[in-house]
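Chemist: My structure file run36.cif, mmCIF, C-alpha atoms and all ligand atoms, is below:
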data_coords
loop_
_atom_site.group_PDB
_atom_site.id
_atom_site.type_symbol
_atom_site.label_atom_id
_atom_site.label_comp_id
_atom_site.auth_asym_id
_atom_site.auth_seq_id
_atom_site.Cartn_x
_atom_site.Cartn_y
_atom_site.Cartn_z
ATOM 1 C CA MET V 27 3.202 -8.896 -9.729
ATOM 2 C CA LYS V 28 0.320 -6.526 -10.091
ATOM 3 C CA LYS V 29 -0.090 -4.034 -7.346
ATOM 4 C CA LEU V 30 -3.127 -2.237 -6.106
ATOM 5 C CA VAL V 31 -3.005 1.473 -5.776
ATOM 6 C CA MET V 32 -3.716 1.704 -2.114
ATOM 7 C CA LEU V 33 -3.856 5.164 -0.731
ATOM 8 C CA LEU V 34 -4.337 5.674 2.861
ATOM 9 C CA SER V 35 -5.574 9.040 3.649
ATOM 10 C CA LEU V 36 -5.866 10.981 6.724
ATOM 11 C CA LEU V 37 -8.507 13.190 5.813
ATOM 12 C CA LEU V 38 -11.307 14.283 3.696
ATOM 13 C CA PHE V 39 -18.792 20.146 -4.278
ATOM 14 C CA LEU V 40 -22.144 24.155 -9.265
ATOM 15 C CA PRO V 41 -25.369 24.254 -9.857
ATOM 16 C CA ALA V 42 -25.464 27.901 -10.728
ATOM 17 C CA CYS V 43 -23.461 26.616 -13.579
ATOM 18 C CA SER V 44 -23.180 22.988 -14.462
ATOM 19 C CA LEU V 45 -19.918 22.606 -16.255
ATOM 20 C CA ILE V 46 -20.038 19.250 -17.806
ATOM 21 C CA ASP V 47 -20.310 19.124 -21.529
ATOM 22 C CA GLU V 48 -22.866 16.501 -22.523
ATOM 23 C CA ALA V 49 -20.588 15.128 -25.210
ATOM 24 C CA VAL V 50 -17.968 14.556 -22.604
ATOM 25 C CA GLN V 51 -20.460 12.771 -20.406
ATOM 26 C CA ARG V 52 -21.374 10.420 -23.245
ATOM 27 C CA ASN V 53 -17.716 9.579 -23.792
ATOM 28 C CA VAL V 54 -17.325 8.746 -20.202
ATOM 29 C CA ALA V 55 -20.375 6.529 -20.142
ATOM 30 C CA SER V 56 -18.917 4.358 -22.878
ATOM 31 C CA GLU V 57 -15.335 4.418 -21.741
ATOM 32 C CA PRO V 58 -14.579 5.620 -18.237
ATOM 33 C CA SER V 59 -11.434 7.625 -18.489
ATOM 34 C CA TYR V 60 -10.826 10.168 -15.826
ATOM 35 C CA ARG V 61 -7.904 11.974 -17.369
ATOM 36 C CA SER V 62 -9.313 12.455 -20.817
ATOM 37 C CA LEU V 63 -12.438 13.627 -19.147
ATOM 38 C CA SER V 64 -10.676 16.194 -17.038
ATOM 39 C CA ALA V 65 -8.559 17.212 -20.007
ATOM 40 C CA ASN V 66 -11.768 17.740 -21.981
ATOM 41 C CA TYR V 67 -13.555 19.362 -19.125
ATOM 42 C CA LEU V 68 -13.035 22.780 -20.587
ATOM 43 C CA LYS V 69 -10.418 21.939 -23.164
ATOM 44 C CA GLU V 70 -9.476 24.146 -26.090
ATOM 45 C CA ASP V 71 -11.666 27.165 -25.725
ATOM 46 C CA VAL V 72 -13.726 27.512 -22.646
ATOM 47 C CA ALA V 73 -15.556 30.405 -24.227
ATOM 48 C CA LYS V 74 -17.211 27.992 -26.677
ATOM 49 C CA VAL V 75 -19.209 26.577 -23.854
ATOM 50 C CA ASP V 76 -22.561 28.291 -23.456
ATOM 51 C CA LEU V 77 -24.249 29.011 -20.228
ATOM 52 C CA PRO V 78 -25.412 27.348 -18.087
ATOM 53 C CA TYR V 79 -21.872 26.129 -18.537
ATOM 54 C CA CYS V 80 -19.289 28.657 -17.509
ATOM 55 C CA TRP V 81 -16.355 30.286 -19.192
ATOM 56 C CA LEU V 82 -13.008 30.119 -17.519
ATOM 57 C CA ALA V 83 -13.107 33.621 -16.071
ATOM 58 C CA GLN V 84 -16.662 32.971 -14.927
ATOM 59 C CA CYS V 85 -15.687 29.670 -13.352
ATOM 60 C CA LEU V 86 -12.993 31.413 -11.389
ATOM 61 C CA GLN V 87 -15.290 34.218 -10.320
ATOM 62 C CA GLN V 88 -18.089 31.810 -9.533
ATOM 63 C CA GLY V 89 -15.792 29.637 -7.445
ATOM 64 C CA GLU V 90 -14.556 32.583 -5.427
ATOM 65 C CA LEU V 91 -18.073 33.891 -4.779
ATOM 66 C CA THR V 92 -19.400 30.512 -3.772
ATOM 67 C CA LEU V 93 -16.446 29.924 -1.491
ATOM 68 C CA LYS V 94 -17.115 33.250 0.223
ATOM 69 C CA ASN V 95 -20.717 32.194 0.902
ATOM 70 C CA ILE V 96 -19.662 28.805 2.199
ATOM 71 C CA ARG V 97 -17.057 30.318 4.499
ATOM 72 C CA LYS V 98 -19.545 32.858 5.812
ATOM 73 C CA SER V 99 -22.037 30.185 6.769
ATOM 74 C CA HIS V 100 -19.850 27.198 7.548
ATOM 75 C CA GLY V 101 -16.293 28.423 8.173
ATOM 76 C CA ASN V 102 -13.125 27.121 6.586
ATOM 77 C CA LEU V 103 -13.738 23.501 5.581
ATOM 78 C CA SER V 104 -10.028 22.767 5.123
ATOM 79 C CA GLU V 105 -9.642 23.097 8.836
ATOM 80 C CA HIS V 106 -11.859 20.119 9.449
ATOM 81 C CA VAL V 107 -9.011 17.809 8.777
ATOM 82 C CA THR V 108 -7.557 16.254 11.814
ATOM 83 C CA ILE V 109 -4.674 13.946 12.248
ATOM 84 C CA TYR V 110 -5.741 10.980 14.261
ATOM 85 C CA ARG V 111 -3.170 9.251 16.284
ATOM 86 C CA THR V 112 -4.704 6.278 17.880
ATOM 87 C CA ASN V 113 -3.240 3.001 18.869
ATOM 88 C CA GLU V 114 -6.279 1.171 17.604
ATOM 89 C CA LYS V 115 -6.119 -1.082 14.626
ATOM 90 C CA HIS V 116 -8.590 -0.244 11.949
ATOM 91 C CA GLU V 117 -11.512 -2.611 11.734
ATOM 92 C CA GLU V 118 -13.397 -3.436 8.556
ATOM 93 C CA LEU V 119 -17.176 -3.324 8.951
ATOM 94 C CA ALA V 120 -18.753 -4.013 5.590
ATOM 95 C CA TYR V 121 -18.618 -3.160 1.941
ATOM 96 C CA PHE V 122 -21.322 -2.237 -0.548
ATOM 97 C CA MET V 123 -21.302 -2.718 -4.295
ATOM 98 C CA THR V 124 -22.554 -0.018 -6.613
ATOM 99 C CA GLU V 125 -24.443 -0.500 -9.842
ATOM 100 C CA GLU V 126 -25.028 2.226 -12.412
ATOM 101 C CA GLY V 127 -24.336 4.899 -9.841
ATOM 102 C CA LYS V 128 -26.594 3.401 -7.203
ATOM 103 C CA LEU V 129 -25.501 1.856 -3.969
ATOM 104 C CA ASN V 130 -26.645 -1.695 -3.496
ATOM 105 C CA ASN V 131 -27.707 -1.576 0.107
ATOM 106 C CA ILE V 132 -27.037 -5.189 0.808
ATOM 107 C CA ALA V 133 -23.883 -5.134 2.847
ATOM 108 C CA ILE V 134 -21.340 -7.760 2.127
ATOM 109 C CA GLU V 135 -19.796 -8.681 5.368
ATOM 110 C CA SER V 136 -17.379 -11.138 6.707
ATOM 111 C CA GLU V 137 -18.379 -13.167 9.725
ATOM 112 C CA HIS V 138 -15.438 -11.609 11.499
ATOM 113 C CA TRP V 139 -16.534 -8.084 10.713
ATOM 114 C CA ASN V 140 -18.339 -6.198 13.369
ATOM 115 C CA TYR V 141 -21.233 -5.116 11.164
ATOM 116 C CA ASN V 142 -24.681 -4.100 12.220
ATOM 117 C CA SER V 143 -27.627 -2.850 10.270
ATOM 118 C CA LYS V 144 -27.190 0.801 11.218
ATOM 119 C CA HIS V 145 -24.115 0.785 9.006
ATOM 120 C CA GLU V 146 -26.421 0.534 6.017
ATOM 121 C CA ARG V 147 -27.825 3.992 6.800
ATOM 122 C CA THR V 148 -24.300 5.303 7.270
ATOM 123 C CA ALA V 149 -23.241 3.913 3.910
ATOM 124 C CA THR V 150 -26.252 5.509 2.231
ATOM 125 C CA ALA V 151 -25.481 8.874 3.847
ATOM 126 C CA ILE V 152 -21.847 8.717 2.709
ATOM 127 C CA TRP V 153 -22.879 7.656 -0.785
ATOM 128 C CA ASP V 154 -25.417 10.497 -1.045
ATOM 129 C CA LEU V 155 -22.847 13.073 0.075
ATOM 130 C CA TRP V 156 -20.272 11.717 -2.376
ATOM 131 C CA ASN V 157 -22.772 11.982 -5.242
ATOM 132 C CA ASP V 158 -23.946 15.426 -4.158
ATOM 133 C CA ILE V 159 -20.530 17.067 -3.892
ATOM 134 C CA ILE V 160 -18.361 15.344 -6.501
ATOM 135 C CA PRO V 161 -18.951 16.245 -10.189
ATOM 136 C CA ASP V 162 -20.988 13.607 -12.038
ATOM 137 C CA PRO V 163 -18.246 12.069 -14.201
ATOM 138 C CA TYR V 164 -16.220 11.242 -11.132
ATOM 139 C CA HIS V 165 -18.912 9.484 -9.131
ATOM 140 C CA GLN V 166 -17.813 6.145 -10.421
ATOM 141 C CA VAL V 167 -16.925 4.179 -7.366
ATOM 142 C CA ASP V 168 -17.410 0.453 -7.652
ATOM 143 C CA LYS V 169 -17.255 -0.474 -4.019
ATOM 144 C CA LEU V 170 -17.779 1.479 -0.814
ATOM 145 C CA TYR V 171 -16.046 0.143 2.282
ATOM 146 C CA LEU V 172 -16.831 1.147 5.824
ATOM 147 C CA PHE V 173 -14.272 0.758 8.535
ATOM 148 C CA GLN V 174 -13.573 2.228 11.944
ATOM 149 C CA GLY V 175 -10.579 2.830 14.211
ATOM 150 C CA GLY V 176 -7.018 3.310 13.058
ATOM 151 C CA ASP V 177 -5.351 6.582 12.172
ATOM 152 C CA PHE V 178 -6.626 7.318 8.677
ATOM 153 C CA ALA V 179 -9.975 8.735 7.673
ATOM 154 C CA ALA V 180 -10.463 7.290 4.193
ATOM 155 C CA TYR V 181 -8.723 5.677 1.250
ATOM 156 C CA VAL V 182 -9.134 4.993 -2.417
ATOM 157 C CA ASN V 183 -7.962 1.913 -4.259
ATOM 158 C CA MET V 184 -7.704 2.194 -8.018
ATOM 159 C CA TYR V 185 -6.910 -0.676 -10.302
ATOM 160 C CA ASN V 186 -8.009 -1.778 -13.745
ATOM 161 C CA MET V 187 -10.253 1.297 -14.069
ATOM 162 C CA ARG V 188 -12.057 0.317 -10.918
ATOM 163 C CA VAL V 189 -12.298 2.616 -7.913
ATOM 164 C CA GLU V 190 -12.914 1.570 -4.345
ATOM 165 C CA LEU V 191 -13.583 4.127 -1.640
ATOM 166 C CA GLY V 192 -13.150 3.358 2.032
ATOM 167 C CA VAL V 193 -14.449 5.653 4.764
ATOM 168 C CA ASN V 194 -13.660 5.574 8.451
ATOM 169 C CA ILE V 195 -17.050 6.068 10.049
ATOM 170 C CA LYS V 196 -15.559 6.946 13.406
ATOM 171 C CA HIS V 197 -13.617 9.906 12.071
ATOM 172 C CA ASN V 198 -16.231 11.236 9.667
ATOM 173 C CA GLN V 199 -19.340 11.652 11.747
ATOM 174 C CA ASP V 200 -19.577 15.334 10.995
ATOM 175 C CA GLN V 201 -20.758 16.399 7.522
ATOM 176 C CA LYS V 202 -18.026 19.041 7.190
ATOM 177 C CA GLN V 203 -15.323 16.602 8.140
ATOM 178 C CA LEU V 204 -16.634 14.004 5.716
ATOM 179 C CA THR V 205 -16.843 16.614 2.957
ATOM 180 C CA THR V 206 -13.205 17.570 3.409
ATOM 181 C CA THR V 207 -12.214 13.914 3.510
ATOM 182 C CA LEU V 208 -14.116 13.130 0.308
ATOM 183 C CA VAL V 209 -12.597 16.077 -1.556
ATOM 184 C CA HIS V 210 -9.138 14.896 -0.553
ATOM 185 C CA GLU V 211 -9.984 11.451 -1.926
ATOM 186 C CA PHE V 212 -11.352 13.050 -5.097
ATOM 187 C CA GLY V 213 -7.893 14.667 -5.415
ATOM 188 C CA HIS V 214 -6.423 11.166 -5.475
ATOM 189 C CA ILE V 215 -8.843 10.037 -8.170
ATOM 190 C CA LEU V 216 -7.887 13.026 -10.338
ATOM 191 C CA THR V 217 -4.164 12.595 -9.859
ATOM 192 C CA LEU V 218 -3.770 8.826 -9.699
ATOM 193 C CA ASN V 219 -6.145 7.441 -12.310
ATOM 194 C CA GLN V 220 -4.823 5.175 -14.994
ATOM 195 C CA GLU V 221 -4.322 7.855 -17.610
ATOM 196 C CA GLN V 222 -2.001 9.852 -15.397
ATOM 197 C CA PHE V 223 0.538 7.053 -15.557
ATOM 198 C CA THR V 224 2.741 5.373 -18.080
ATOM 199 C CA GLU V 225 1.054 2.615 -20.055
ATOM 200 C CA ASP V 226 3.030 -0.215 -18.604
ATOM 201 C CA ARG V 227 1.981 0.662 -15.102
ATOM 202 C CA TYR V 228 2.460 -2.101 -12.569
ATOM 203 C CA THR V 229 4.557 -4.173 -14.894
ATOM 204 C CA SER V 230 8.188 -3.856 -14.073
ATOM 205 C CA ASP V 231 10.470 -3.243 -11.166
ATOM 206 C CA GLN V 232 12.834 -1.809 -13.775
ATOM 207 C CA GLN V 233 10.364 1.050 -14.140
ATOM 208 C CA GLU V 234 11.501 2.647 -10.929
ATOM 209 C CA LEU V 235 15.006 2.985 -12.298
ATOM 210 C CA GLU V 236 13.743 4.344 -15.587
ATOM 211 C CA CYS V 237 11.082 6.648 -14.208
ATOM 212 C CA PRO V 238 12.021 10.277 -14.937
ATOM 213 C CA ALA V 239 9.923 11.534 -12.044
ATOM 214 C CA TYR V 240 8.757 10.586 -8.627
ATOM 215 C CA PHE V 241 8.133 6.900 -8.394
ATOM 216 C CA ASP V 242 5.613 5.744 -5.871
ATOM 217 C CA GLU V 243 5.620 2.112 -4.918
ATOM 218 C CA TRP V 244 1.825 1.972 -4.948
ATOM 219 C CA SER V 245 1.128 4.015 -8.023
ATOM 220 C CA ASP V 246 4.266 3.657 -10.140
ATOM 221 C CA CYS V 247 5.536 6.203 -12.658
ATOM 222 C CA PRO V 248 3.403 9.260 -13.562
ATOM 223 C CA ASN V 249 3.539 10.278 -17.240
ATOM 224 C CA GLN V 250 4.981 13.606 -18.300
ATOM 225 C CA GLU V 251 1.559 15.227 -18.841
ATOM 226 C CA SER V 252 0.291 14.208 -15.433
ATOM 227 C CA TYR V 253 -0.519 16.584 -12.612
ATOM 228 C CA LEU V 254 1.712 14.647 -10.253
ATOM 229 C CA TYR V 255 4.713 14.789 -12.600
ATOM 230 C CA SER V 256 4.570 18.599 -12.746
ATOM 231 C CA PHE V 257 3.794 18.949 -9.052
ATOM 232 C CA TYR V 258 6.721 16.748 -8.116
ATOM 233 C CA ASN V 259 9.142 18.584 -10.414
ATOM 234 C CA LYS V 260 8.107 21.967 -9.095
ATOM 235 C CA PHE V 261 7.907 21.300 -5.430
ATOM 236 C CA TRP V 262 9.647 18.136 -4.389
ATOM 237 C CA LYS V 263 13.015 17.951 -6.115
ATOM 238 C CA LYS V 264 14.821 20.146 -3.623
ATOM 239 C CA ILE V 265 13.339 18.660 -0.529
ATOM 240 C CA GLU V 266 13.181 14.998 -1.506
ATOM 241 C CA THR V 267 16.704 13.996 -0.483
ATOM 242 C CA GLU V 268 16.202 15.155 3.079
ATOM 243 C CA TRP V 269 12.660 13.732 3.129
ATOM 244 C CA LYS V 270 13.942 10.318 2.062
ATOM 245 C CA LYS V 271 16.960 10.325 4.333
ATOM 246 C CA LYS V 272 14.823 11.125 7.364
ATOM 247 C CA LYS V 273 12.243 8.500 6.359
ATOM 248 C CA ILE V 274 9.406 10.976 6.804
ATOM 249 C CA GLU V 275 6.833 8.765 5.118
ATOM 250 C CA THR V 276 7.053 6.088 7.741
ATOM 251 C CA SER V 277 6.789 8.025 10.980
ATOM 252 C CA GLU V 278 4.126 10.443 12.191
ATOM 253 C CA ALA V 279 6.544 11.927 14.733
ATOM 254 C CA ARG V 280 9.037 12.643 11.942
ATOM 255 C CA GLN V 281 6.233 14.152 9.838
ATOM 256 C CA THR V 282 5.468 16.538 12.687
ATOM 257 C CA ALA V 283 9.125 17.559 12.950
ATOM 258 C CA PHE V 284 9.436 17.913 9.166
ATOM 259 C CA TYR V 285 6.250 19.986 9.010
ATOM 260 C CA ASN V 286 7.457 22.250 11.816
ATOM 261 C CA LYS V 287 10.685 22.817 9.899
ATOM 262 C CA TYR V 288 8.947 23.459 6.555
ATOM 263 C CA ARG V 289 5.624 25.009 7.514
ATOM 264 C CA SER V 290 5.878 27.479 4.647
ATOM 265 C CA GLN V 291 6.024 24.572 2.175
ATOM 266 C CA PHE V 292 3.137 22.331 3.196
ATOM 267 C CA VAL V 293 -0.561 23.081 3.536
ATOM 268 C CA SER V 294 -0.852 20.591 6.372
ATOM 269 C CA GLU V 295 1.205 18.200 8.413
ATOM 270 C CA TYR V 296 -0.254 15.230 6.599
ATOM 271 C CA ALA V 297 0.926 16.667 3.282
ATOM 272 C CA THR V 298 4.507 15.861 4.293
ATOM 273 C CA THR V 299 3.705 12.133 4.040
ATOM 274 C CA SER V 300 4.539 11.871 0.310
ATOM 275 C CA PRO V 301 4.134 13.755 -2.997
ATOM 276 C CA VAL V 302 0.934 11.716 -3.546
ATOM 277 C CA GLU V 303 -0.582 12.910 -0.279
ATOM 278 C CA ASP V 304 0.833 16.419 -0.743
ATOM 279 C CA ILE V 305 -0.942 16.874 -4.080
ATOM 280 C CA ALA V 306 -4.246 15.535 -2.681
ATOM 281 C CA GLU V 307 -3.999 17.778 0.374
ATOM 282 C CA SER V 308 -3.009 20.785 -1.754
ATOM 283 C CA PHE V 309 -5.980 20.010 -4.052
ATOM 284 C CA GLN V 310 -8.300 20.033 -1.060
ATOM 285 C CA TYR V 311 -6.873 23.451 -0.051
ATOM 286 C CA PHE V 312 -7.219 24.628 -3.679
ATOM 287 C CA ILE V 313 -10.922 23.827 -3.509
ATOM 288 C CA PHE V 314 -11.577 25.397 -0.114
ATOM 289 C CA SER V 315 -9.168 28.385 -0.109
ATOM 290 C CA PRO V 316 -9.438 31.694 -1.931
ATOM 291 C CA LYS V 317 -7.118 31.961 -4.946
ATOM 292 C CA PRO V 318 -3.759 32.992 -3.489
ATOM 293 C CA THR V 319 -2.609 36.494 -4.332
ATOM 294 C CA ASN V 320 0.703 36.358 -2.486
ATOM 295 C CA LEU V 321 2.853 33.555 -3.888
ATOM 296 C CA SER V 322 5.898 34.072 -1.718
ATOM 297 C CA SER V 323 5.469 30.779 0.125
ATOM 298 C CA ILE V 324 5.729 27.374 -1.518
ATOM 299 C CA LYS V 325 2.473 26.256 0.073
ATOM 300 C CA SER V 326 0.611 29.117 -1.632
ATOM 301 C CA GLN V 327 2.380 28.174 -4.901
ATOM 302 C CA LYS V 328 1.089 24.627 -4.396
ATOM 303 C CA ILE V 329 -2.495 25.906 -4.148
ATOM 304 C CA ALA V 330 -1.909 28.207 -7.159
ATOM 305 C CA PHE V 331 -0.521 25.229 -9.135
ATOM 306 C CA PHE V 332 -4.039 23.926 -9.859
ATOM 307 C CA TYR V 333 -5.105 27.240 -11.460
ATOM 308 C CA GLU V 334 -2.746 26.398 -14.332
ATOM 309 C CA TYR V 335 -5.305 23.805 -15.449
ATOM 310 C CA PRO V 336 -8.615 25.290 -16.722
ATOM 311 C CA GLU V 337 -10.433 21.999 -16.210
ATOM 312 C CA LEU V 338 -9.526 22.065 -12.534
ATOM 313 C CA VAL V 339 -10.748 25.660 -12.153
ATOM 314 C CA ALA V 340 -14.076 24.470 -13.569
ATOM 315 C CA ILE V 341 -14.115 21.440 -11.311
ATOM 316 C CA ARG V 342 -13.450 23.697 -8.320
ATOM 317 C CA ALA V 343 -16.419 25.909 -9.175
ATOM 318 C CA ASP V 344 -18.551 22.801 -9.654
ATOM 319 C CA VAL V 345 -17.569 21.216 -6.359
ATOM 320 C CA LEU V 346 -18.043 24.448 -4.401
ATOM 321 C CA ALA V 347 -21.505 25.059 -5.841
ATOM 322 C CA ARG V 348 -22.457 21.499 -5.006
ATOM 323 C CA VAL V 349 -21.238 21.946 -1.448
ATOM 324 C CA GLU V 350 -23.155 25.196 -1.053
ATOM 325 C CA LYS V 351 -26.315 23.519 -2.334
ATOM 326 C CA ARG V 352 -25.879 20.467 -0.172
ATOM 327 C CA PHE V 353 -25.113 22.373 3.028
HETATM 328 ZN ZN ZN L 1 -4.781 10.630 0.882
#
Would you mind writing the file's structure down as structure tokens?
Ligand SMILES: [Zn+2]

Modeler:
Amino acid sequence: MKKLVMLLSLLLFLPACSLIDEAVQRNVASEPSYRSLSANYLKEDVAKVDLPYCWLAQCLQQGELTLKNIRKSHGNLSEHVTIYRTNEKHEELAYFMTEEGKLNNIAIESEHWNYNSKHERTATAIWDLWNDIIPDPYHQVDKLYLFQGGDFAAYVNMYNMRVELGVNIKHNQDQKQLTTTLVHEFGHILTLNQEQFTEDRYTSDQQELECPAYFDEWSDCPNQESYLYSFYNKFWKKIETEWKKKKIETSEARQTAFYNKYRSQFVSEYATTSPVEDIAESFQYFIFSPKPTNLSSIKSQKIAFFYEYPELVAIRADVLARVEKRF
């Protein structure tokens, strides 16, 4: 039976140099493919790309400078992530379809959903922020859901090349908080899109037995070139047995205990939830933290992990410049 990739997330930006090669954009328009896009983002030789695009060293430098400016004016955005522990159930409010990058502002609501017209303005504000801070090729979200209550701040569903984004309006009222949440979700889109996985994704329970890497029940088996495959092999193999035995994924109290035991390994408490959440959280810290110089802790190695991919260094510079412009 086909499964949806359902990612519950707890959380949440270069105009000085626009990094997206026009040829790449055309490819994406005809065939949305997140991984080939990110692989082509600055593939081969970054130095071939002329300004206003940036070379790898420039992207890195640009990212660091922009981050400094953002931190000076707005503080550390990574810290805007909060773990919500409420006893409320989450409540769906409405969803909005998108068409050619535009939000259709007619809310589709269920009679049981507690929707009112002010949610339309909220949806527009979320959609505008998403488009302002996330690089153009990754805007493609087919449906935007609004919900409130519960203990997670946002989610993405990805299936059949479609992306749905859900945002908890109660936990994202502040622009900084929402920005951090959206960058975390962008981390999911980069690491969990179709091309990061084996071709026969969703097809066989046998796959779990055959999967040479971390197997996630929602997202199946990442291929050997995927970000998640490398991240898992580097950072999770030693700790996974204990993590599984203690059933960390299923209990927030156990996540707190696990985080307190392994603070040097995780960027946040929520990152202990699973390798999928760890990589999205670490990506969010990669975007909003200076490049680590001291790699003695595993959590700093997790942030440094993303610098091994030139396309991600470019994406970081792009996102940060967008955030600076937007804020
Ligand atoms: Zn998440």

Chemist: Using all atoms listed in the file, determine which residues lie at most 10 Å from Ile195 (chain V), disregarding the query and same-chain residues fewer than 5 positions distant; provide the list as a compact mmCIF listing (two decimals) with C-alpha atoms, in the coordinates of the input.

Modeler:
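This is the output file result_28.txt:
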# COMPACT_ATOMS: atom_id res chain seq x y z
CA LEU V 119 -17.18 -3.32 8.95
CA HIS V 145 -24.12 0.78 9.01
CA THR V 148 -24.30 5.30 7.27
CA ALA V 149 -23.24 3.91 3.91
CA ILE V 152 -21.85 8.72 2.71
CA TYR V 171 -16.05 0.14 2.28
CA LEU V 172 -16.83 1.15 5.82
CA PHE V 173 -14.27 0.76 8.54
CA GLN V 174 -13.57 2.23 11.94
CA GLY V 175 -10.58 2.83 14.21
CA ALA V 179 -9.98 8.74 7.67
CA ALA V 180 -10.46 7.29 4.19
CA ASP V 200 -19.58 15.33 11.00
CA LEU V 204 -16.63 14.00 5.72

Chemist: Excluding same-chain residues fewer than 4 positions from Thr298 (chain V), what lies within 10 Å of it counting all atoms listed in the file, as a ChimeraX atom specification?

Modeler: /V:269,274-275,278,280-285,288-289,291-294,302-304,307

Chemist: So which residues get picked by the PyMOL selection byres (((chain V and resi 154-167) around 6) and not hetatm) here, written as JSON, numbers by chain?

Modeler: {"V": [39, 151, 152, 153, 168, 169, 189, 190, 345, 348, 349]}

Chemist: Which residue gives the smallest distance to Asp344 (chain V) among V:Leu254, V:Gln222, V:Gly89, V:Ala83, with all atoms listed in the file counted?

Modeler: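 Among V:Leu254, V:Gln222, V:Gly89, V:Ala83, it is V:Gly89 that comes nearest to Asp344 (chain V).
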
Chemist: Return as a list in words the set of residues that the PyMOL selection byres (((chain V and resi 353) around 9) and not hetatm) yields on the displayed structure.

Modeler: Ile96, His100, Gln201, Lys202, Arg348, Val349, Glu350, Lys351 and Arg352 of chain V

Chemist: In Å, with one decimal, what is the gap from CA of Asp177 (chain V) to CA of Gly213 (chain V)?

Modeler: 19.5 Å

Chemist: Draw an axis-aligned box over all listed atoms of region 152-171 of chain V, pad each side with 4 Å, and write its centre and edge lengths in Å, one decimal, as AutoDock Vina command-line options.

Modeler:
--center_x -20.7 --center_y 8.3 --center_z -5.7 --size_x 17.4 --size_y 25.5 --size_z 24.9

Chemist: Translate the PyMOL selection byres (((chain V and resi 203) around 10) and not hetatm) into a concrete residue list for this structure, as a list in words.

Modeler: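 Here the PyMOL selection byres (((chain V and resi 203) around 10) and not hetatm) matches Leu37, Leu38, Leu103, Ser104, Glu105, His106, Val107, Thr108, Ala179, His197, Asn198, Gln199, Asp200, Gln201, Lys202, Leu204, Thr205, Thr206, Thr207 and Leu208 of chain V.
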
Chemist: By how many Å are CA of Ser322 (chain V) and CA of Leu91 (chain V) apart?

Modeler: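 Straight-line distance from CA of Ser322 (chain V) to CA of Leu91 (chain V) works out to 24.2 Å.
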
Chemist: If I take CA of Lys328 (chain V) and CA of Ser308 (chain V), how far is one from the other in Å, to one decimal?

Modeler: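 Separating CA of Lys328 (chain V) from CA of Ser308 (chain V) is a distance of 6.2 Å.
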
Chemist: Quick one: of V:Ile329, V:Val209, V:Ala343, V:Ala239, who's nearest to ligand ZN 1 (chain L), counting all atoms listed in the file?

Modeler: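 Counting all atoms listed in the file, the residue closest to ligand ZN 1 (chain L) is V:Val209.
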
Chemist: Using all atoms listed in the file, which of V:Leu93, V:Ile305, V:Ala133, V:Ala279 sits nearest Gln327 (chain V)?

Modeler: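 Using all atoms listed in the file, the shortest distance to Gln327 (chain V) belongs to V:Ile305.
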
Chemist: Would you kindly return, as an mmCIF file with C-alpha atoms, in the coordinates of the input, each protein, DNA or RNA residue with an atom no farther than 12 Å from any atom of Lys260 (chain V), considering all atoms listed in the file and excluding same-chain residues fewer than 2 positions away?

Modeler:
data_model
loop_
_atom_site.group_PDB
_atom_site.id
_atom_site.type_symbol
_atom_site.label_atom_id
_atom_site.label_comp_id
_atom_site.auth_asym_id
_atom_site.auth_seq_id
_atom_site.Cartn_x
_atom_site.Cartn_y
_atom_site.Cartn_z
ATOM 1 C CA ALA V 239 9.923 11.534 -12.044
ATOM 2 C CA TYR V 240 8.757 10.586 -8.627
ATOM 3 C CA TYR V 253 -0.519 16.584 -12.612
ATOM 4 C CA LEU V 254 1.712 14.647 -10.253
ATOM 5 C CA TYR V 255 4.713 14.789 -12.600
ATOM 6 C CA SER V 256 4.570 18.599 -12.746
ATOM 7 C CA PHE V 257 3.794 18.949 -9.052
ATOM 8 C CA TYR V 258 6.721 16.748 -8.116
ATOM 9 C CA TRP V 262 9.647 18.136 -4.389
ATOM 10 C CA LYS V 263 13.015 17.951 -6.115
ATOM 11 C CA LYS V 264 14.821 20.146 -3.623
ATOM 12 C CA ILE V 265 13.339 18.660 -0.529
ATOM 13 C CA GLU V 266 13.181 14.998 -1.506
ATOM 14 C CA GLN V 291 6.024 24.572 2.175
ATOM 15 C CA PRO V 301 4.134 13.755 -2.997
ATOM 16 C CA ILE V 305 -0.942 16.874 -4.080
ATOM 17 C CA ILE V 324 5.729 27.374 -1.518
ATOM 18 C CA LYS V 325 2.473 26.256 0.073
ATOM 19 C CA GLN V 327 2.380 28.174 -4.901
ATOM 20 C CA LYS V 328 1.089 24.627 -4.396
ATOM 21 C CA ALA V 330 -1.909 28.207 -7.159
ATOM 22 C CA PHE V 331 -0.521 25.229 -9.135
#

Chemist: For each of V:Ser99, V:Val193, V:Glu221, V:Ala306, take the minimum atom-to-atom distance to ligand ZN 1 (chain L), counting only C-alpha atoms and all ligand atoms, then give the residue where this is smallest.

Modeler: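 The answer is V:Ala306, which sits nearest to ligand ZN 1 (chain L).
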
Chemist: When distances are computed from only C-alpha atoms and all ligand atoms, which of V:Pro238, V:Pro316, V:Pro336, V:Gly192 shows the smallest separation from ligand ZN 1 (chain L)?

Modeler: V:Gly192

Chemist: What lies within 10 Å of Ser252 (chain V) using only C-alpha atoms, ignoring chain neighbours under 5 positions off, as a list in words?

Modeler: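 Close residues of Ser252 (chain V): Arg61, Leu216, Thr217, Leu218, Asn219, Glu221, Gln222, Phe223, Thr224, Cys247 and Phe257 of chain V.
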
Chemist: Given the choices V:Val182, V:Ile134, V:Ile341, V:Leu129, which gets closest to ligand ZN 1 (chain L) if the distance is worked out from all atoms listed in the file?

Modeler: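 Ranking V:Val182, V:Ile134, V:Ile341, V:Leu129 by distance to ligand ZN 1 (chain L), first place goes to V:Val182.
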